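Q: Got a structure for you, questions after.
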Amino acid sequence: MDTIASLFSFITWPVSWVIVQFHTVYGAIFGPDTGWAWGLSIVSLVILIRICLIPLFVKQIKATRGMQTLQPEMKKIQERYKNDKQRQSEEMMKLYKETGTNPLSSCLPILAQSPFFFALYHVLNGIASGDTIGAVNQDLLESAQKAHIFGAPLASKFFSSESDVAALSASLTDVRVVTAIMIVLMSASQFFTQRQLMTKNVDTTVKTPFMQQQKMLMYVFPVMFAVFGVNFPVGVLVYWLTTNVWTMGQQMYVIRNNPTPGSKAQASYLERLHKSVTEHGKTRRRGEKAIVKAIVAKGRDRNEAERKFINGLNKAGLAAQADGNVVKSDTAVAAQSADGSTVTPAGQPKRQQPKRQQPKRQSKSQRQAKPAGETDSKTSLTKSDEPQDAEPADKQDAKQQAKPAAGAKKPAQKSGSGGRSKAQSGQRKGPQRPKSPSKK
């Protein structure tokens, strides 16, 4: 570790100078030789570095999402050229160039933060060995050696010898208890940060090898922190624990306000956005407009949560615009949603479909008034435009008397055969009621 730290000696003086300036401020409040003054100086150094790295963090988010999107295409290239590694690499580079994605962008914050980490380690290790490094002079060196954080000297380690700890006016038990607690907190914060990334901010609609890699790192990183943490001075553990907590909070903010499309976090965010937009009738912040603009631009490529959001706005009488604004919809025509379903805005009456008119039922005299040679089995189902004149009573009696005679000539059907005679002209189909004897 000392050899690696010496490689970043060029940045040791700026890091030590920043710590000294913060120590001057906090030393005036808590005392120059206290652990609070030196501990808060290290925490302030972390915050300053992480604020400067925010642009790189934004690039890391974009690069990570770009890599998630490219995973299906990358898998196809690997399967197509699995026997030609050179062609596989060329096609990968071509894909990165066409999409503007850089795989190393996801590692930029860690790579940019590494020099500061090793420079701080070099300064604290010099304090433990009694060497003045950078802007830390002899007076500041003696002050830092007297500083204790919860009973543990700033430059002590978990595996420090009892004599080295005694030289810094501390006990070995206090040092190991404090360092063990810090290592556990450091590993737990790293695990929780990676876990919330996997469970909330990953596109669940696409299963890629990238997700398996992230899941593996979720368990590997905490173990690495636990293994290397026993060799870190207490001051470096304060630095690393602070940067892990900062990363966790920063990622929680990003997941809540700018989630990955298709993730569980996006569904929760769109529910909150829908409630806010329907309450105020518009998008109030620039971030909300950017989200709505991206959803509108997708068109039919929207996922389930995005379609639900657009349909919810339509039902509330609102319409999302291409510029990200949301306006009230005053049209009386039903709005056509992206998935093809028709949604009627609230407060507008739905168009009533014309009801199908049922044909009027004809009386018995109207059905029997048809000419003798015409047969129409659908008379009862069609609407009569003009009423038909009823036949004289004497003609009706003659027809009734002629029916049994005509029926006598037909052979009788067997009982139980289930056959039925065809309905005569002007009569209903089906079994007829027996006629009264007076009419026979």
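Just remember, in the structure tokens the first chain shown is A, the second B, etc., residues are 1-based per chain, and ligands are 1-based in the order shown.
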What's around Leu318 in chain A at 7 Å? Count only C-alpha atoms, leave out sequence neighbours fewer than 2 positions away in its own chain, and write the answer as a list in words.
A: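 My reading of the contact set: Leu313, Asn314, Ala316, Ala320, Val326, Val327, Lys328 and Ser329 of chain A.
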Q: When you look at Val15 in chain A with a cut-off of 10 Å (counting only C-alpha atoms), what residues show up, excluding the ones that are within fewer than 5 positions of it in the same chain? I need them as an MDAnalysis selection string.
A: chainID A and resid 10 20 42 45 115:117 119:120 123 134:135
Q: Hey, can you check how far CA of Leu140 in chain A sits from CA of Ser163 in chain A?
A: 22.5 Å
Q: Distance table requested - range 170-275 of chain A against range 297-307 of chain A, cut-off 10 Å, only C-alpha atoms: one row per qualifying residue with the closest atom pair and its distance in Å to one decimal, ordered by chain and rising residue number, as a tab-separated table.
A:
residue	atom	partner	partner_atom	distance
A:Thr205	CA	A:Asn303	CA	8.8
A:Pro261	CA	A:Asn303	CA	8.0
A:Gly262	CA	A:Asn303	CA	6.4
A:Ser263	CA	A:Ala305	CA	9.1
A:Lys264	CA	A:Ala305	CA	9.1
A:Gln266	CA	A:Ala305	CA	7.5
A:Ala267	CA	A:Ala305	CA	5.4
A:Ser268	CA	A:Ala305	CA	8.9
A:Tyr269	CA	A:Ala305	CA	9.7
A:Leu270	CA	A:Ala305	CA	7.3
A:Glu271	CA	A:Ala305	CA	8.7
Q: Kindly save the residues from that selection, with all heavy atoms included, as a compact mmCIF listing (two decimals), in the first residue's frame.
A:
# COMPACT_ATOMS: atom_id res chain seq x y z
N THR A 205 -37.43 -5.45 -17.52
CA THR A 205 -37.96 -6.01 -18.76
C THR A 205 -36.89 -6.68 -19.62
O THR A 205 -37.21 -7.41 -20.54
CB THR A 205 -38.65 -4.91 -19.58
OG1 THR A 205 -37.69 -3.87 -19.90
CG2 THR A 205 -39.79 -4.28 -18.78
N PRO A 261 -35.47 3.79 -16.88
CA PRO A 261 -36.74 3.37 -17.52
C PRO A 261 -36.95 1.87 -17.40
O PRO A 261 -36.04 1.08 -17.63
CB PRO A 261 -36.54 3.80 -18.98
CG PRO A 261 -35.54 4.92 -18.91
CD PRO A 261 -34.61 4.57 -17.79
N GLY A 262 -38.19 1.49 -17.04
CA GLY A 262 -38.54 0.09 -16.91
C GLY A 262 -38.27 -0.50 -15.54
O GLY A 262 -38.56 -1.67 -15.31
N SER A 263 -37.75 0.29 -14.61
CA SER A 263 -37.44 -0.20 -13.27
C SER A 263 -38.61 0.04 -12.32
O SER A 263 -39.56 0.77 -12.63
CB SER A 263 -36.18 0.49 -12.73
OG SER A 263 -36.39 1.89 -12.61
N LYS A 264 -38.52 -0.58 -11.14
CA LYS A 264 -39.54 -0.36 -10.13
C LYS A 264 -39.52 1.09 -9.63
O LYS A 264 -40.56 1.65 -9.29
CB LYS A 264 -39.32 -1.31 -8.96
CG LYS A 264 -39.52 -2.78 -9.30
CD LYS A 264 -39.29 -3.65 -8.08
CE LYS A 264 -39.49 -5.13 -8.43
NZ LYS A 264 -39.23 -5.99 -7.24
N GLN A 266 -38.94 3.68 -11.43
CA GLN A 266 -39.66 4.53 -12.39
C GLN A 266 -41.17 4.45 -12.17
O GLN A 266 -41.87 5.47 -12.26
CB GLN A 266 -39.32 4.13 -13.82
CG GLN A 266 -39.87 5.11 -14.84
CD GLN A 266 -39.94 4.53 -16.24
OE1 GLN A 266 -40.13 3.34 -16.41
NE2 GLN A 266 -39.79 5.38 -17.24
N ALA A 267 -41.69 3.26 -11.89
CA ALA A 267 -43.12 3.12 -11.64
C ALA A 267 -43.55 3.94 -10.42
O ALA A 267 -44.58 4.63 -10.45
CB ALA A 267 -43.48 1.65 -11.44
N SER A 268 -42.75 3.92 -9.36
CA SER A 268 -43.06 4.72 -8.17
C SER A 268 -42.96 6.21 -8.47
O SER A 268 -43.79 7.00 -8.01
CB SER A 268 -42.11 4.34 -7.03
OG SER A 268 -42.20 2.97 -6.71
N TYR A 269 -41.94 6.59 -9.25
CA TYR A 269 -41.77 8.00 -9.58
C TYR A 269 -42.94 8.52 -10.43
O TYR A 269 -43.45 9.63 -10.20
CB TYR A 269 -40.45 8.20 -10.34
CG TYR A 269 -40.26 9.62 -10.84
CD1 TYR A 269 -39.83 10.62 -9.99
CD2 TYR A 269 -40.53 9.95 -12.18
CE1 TYR A 269 -39.65 11.92 -10.46
CE2 TYR A 269 -40.37 11.24 -12.63
CZ TYR A 269 -39.93 12.22 -11.77
OH TYR A 269 -39.77 13.51 -12.22
N LEU A 270 -43.38 7.73 -11.41
CA LEU A 270 -44.48 8.18 -12.27
C LEU A 270 -45.79 8.26 -11.50
O LEU A 270 -46.65 9.10 -11.82
CB LEU A 270 -44.62 7.24 -13.47
CG LEU A 270 -43.47 7.29 -14.48
CD1 LEU A 270 -43.72 6.32 -15.63
CD2 LEU A 270 -43.29 8.71 -15.03
N GLU A 271 -45.97 7.42 -10.49
CA GLU A 271 -47.16 7.54 -9.65
C GLU A 271 -47.17 8.85 -8.88
O GLU A 271 -48.19 9.54 -8.79
CB GLU A 271 -47.24 6.36 -8.68
CG GLU A 271 -47.57 5.02 -9.36
CD GLU A 271 -47.61 3.88 -8.36
OE1 GLU A 271 -47.41 4.16 -7.15
OE2 GLU A 271 -47.84 2.73 -8.78
Q: How close does each residue of range 229-302 of chain A get to range 150-159 of chain A, giving the shortest atom pair and distance in Å to one decimal for every residue with an atom at most 6 Å away, counting only C-alpha atoms, sorted by chain and residue number, as a Markdown table?
A:
| residue | atom | partner | partner_atom | distance |
| --- | --- | --- | --- | --- |
| A:Val230 | CA | A:Phe158 | CA | 5.2 |
| A:Phe232 | CA | A:Lys157 | CA | 5.9 |
| A:Pro233 | CA | A:Lys157 | CA | 4.6 |
| A:Val234 | CA | A:Leu154 | CA | 5.2 |
| A:Gly235 | CA | A:Leu154 | CA | 5.1 |
Q: With N, CA, C and O atoms retained, could you export that selection as a JSON list (two decimals), in the first residue's frame?
A:
[["chain", "number", "residue", "atom", "x", "y", "z"],
["A", 230, "VAL", "N", -8.74, -3.71, 7.34],
["A", 230, "VAL", "CA", -7.94, -3.96, 8.55],
["A", 230, "VAL", "C", -6.55, -3.34, 8.43],
["A", 230, "VAL", "O", -5.84, -3.20, 9.43],
["A", 232, "PHE", "N", -6.11, -0.28, 6.96],
["A", 232, "PHE", "CA", -6.28, 1.16, 6.80],
["A", 232, "PHE", "C", -6.16, 1.85, 8.16],
["A", 232, "PHE", "O", -6.69, 1.35, 9.17],
["A", 233, "PRO", "N", -5.50, 3.02, 8.21],
["A", 233, "PRO", "CA", -5.53, 3.82, 9.44],
["A", 233, "PRO", "C", -6.94, 4.32, 9.75],
["A", 233, "PRO", "O", -7.81, 4.34, 8.86],
["A", 234, "VAL", "N", -7.17, 4.70, 10.97],
["A", 234, "VAL", "CA", -8.50, 5.16, 11.38],
["A", 234, "VAL", "C", -8.93, 6.37, 10.54],
["A", 234, "VAL", "O", -10.10, 6.49, 10.15],
["A", 235, "GLY", "N", -8.01, 7.25, 10.24],
["A", 235, "GLY", "CA", -8.34, 8.42, 9.42],
["A", 235, "GLY", "C", -8.81, 8.03, 8.03],
["A", 235, "GLY", "O", -9.74, 8.62, 7.47]]
